[in-house]
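Enquirer: The structure is given below, and queries will be raised subsequently.
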Amino acid sequence: MMNFTYLRAILLGSALAALLVAVPTHALIELPEHIGCNTTRPDVLVNTRTIRTNKLLVWFVNGNNYHVEHHWLPAVPNDKFPELHNYVESRITYADLGYRSFYSQFFRNLRKNNLHQAWEPATLNFRPR
């Protein structure tokens, strides 16, 4: 019969390892949503960001890269966000060409201690891949 103390240690270790990966990953996915946007305005086309990425990352972030679209019409299913993006793309203020683009801008603003103000929009008007 297996020792329950050993089993409990394995389960606790597995849960801790999952948290050490999941929590930082979740933070990295959600950070781009509003930081650096003009959050003083209630307009989702100005206070929220959309990020272009490949289909694998769209799946991995569960469509979270289309964050403007999600706030604009929250009842729309995630798989319809690329279609919805076509209606709002010309009016989105903060649209990045990828997570790399966002994070390079994030670290530039971090060095300048400029995380609590609106940044200059990085890129505008992209088409989903």
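In the structure tokens, each chain is lettered A, B, ... as it comes, each chain's residues begin at 1, and ligands are numbered from 1 in order of appearance.
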Let's see if you can do this: from backbone DSSP, list all alpha helix (DSSP H) residues in chain A, as a ChimeraX atom specification.

Expert: /A:4-30,44-47,55-60,67-72,81-88,99-111

Enquirer: Could you pull out all residues of range 26-89 of chain A with a DSSP call of strand (DSSP E or B) and give them as a PyMOL selection string?

Expert: chain A and resi 49-51+66

Enquirer: Could you list, as a list in words, every residue within 8 Å of His85 in chain A, counting only C-alpha atoms and ignoring same-chain residues fewer than 3 positions away?

Expert: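 The residues satisfying every condition are Tyr66, Glu69, Phe81, Pro82, Val88, Glu89 and Pro128 of chain A.
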
Enquirer: Given the choices A:Asn38, A:Asn65, A:Thr53, A:Thr48, which gets closest to Trp119 in chain A if the distance is worked out from only C-alpha atoms?

Expert: A:Asn38

Enquirer: Ranking A:Ala22, A:Gln105, A:Trp59, A:Leu45 by minimum distance to Leu73 in chain A and counting only C-alpha atoms, which one comes first?

Expert: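 Selected residue with least distance to Leu73 in chain A: A:Leu45.
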
Enquirer: Fewer than 5 positions away in the same chain doesn't count, so skip those; otherwise give me all residues within 10 Å of Leu31 in chain A, counting only C-alpha atoms, as number ranges by chain.

Expert: A: 26, 36, 102-103, 106

Enquirer: Which one of A:Asn3, A:Asn54, A:Thr40, A:Asn64 sits closest to Leu28 in chain A if you count only C-alpha atoms?

Expert: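 Nearest candidate to Leu28 in chain A out of A:Asn3, A:Asn54, A:Thr40, A:Asn64: A:Asn64.
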
Enquirer: Restricting the calculation to only C-alpha atoms: of A:Asp43, A:Glu33, A:Asp79, A:Glu120, which residue gets closest to Tyr99 in chain A?

Expert: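 For Tyr99 in chain A, the nearest of the given residues is A:Glu33.
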
Enquirer: When you count only C-alpha atoms, which of these residues is closest to Pro42 in chain A: A:Lys55, A:Arg111, A:His71, A:His116?

Expert: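 Closest residue, counting only C-alpha atoms: A:His71.
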
Enquirer: For the atom pair CA of Thr50 in chain A and CA of Pro24 in chain A, what is the interatomic distance in Å to one decimal place?

Expert: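 These atoms are spaced 20.3 Å apart.
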
Enquirer: Between A:Ala17, A:Ile35, A:Val61, A:Ala9, single out the one closest to Arg49 in chain A, counting only C-alpha atoms.

Expert: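 Closest candidate: A:Ile35.
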
Enquirer: What separation in Å, quoted to one decimal, exists between CA of Glu30 in chain A and CA of Val46 in chain A?

Expert: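 CA of Val46 in chain A lies 16.9 Å from CA of Glu30 in chain A.
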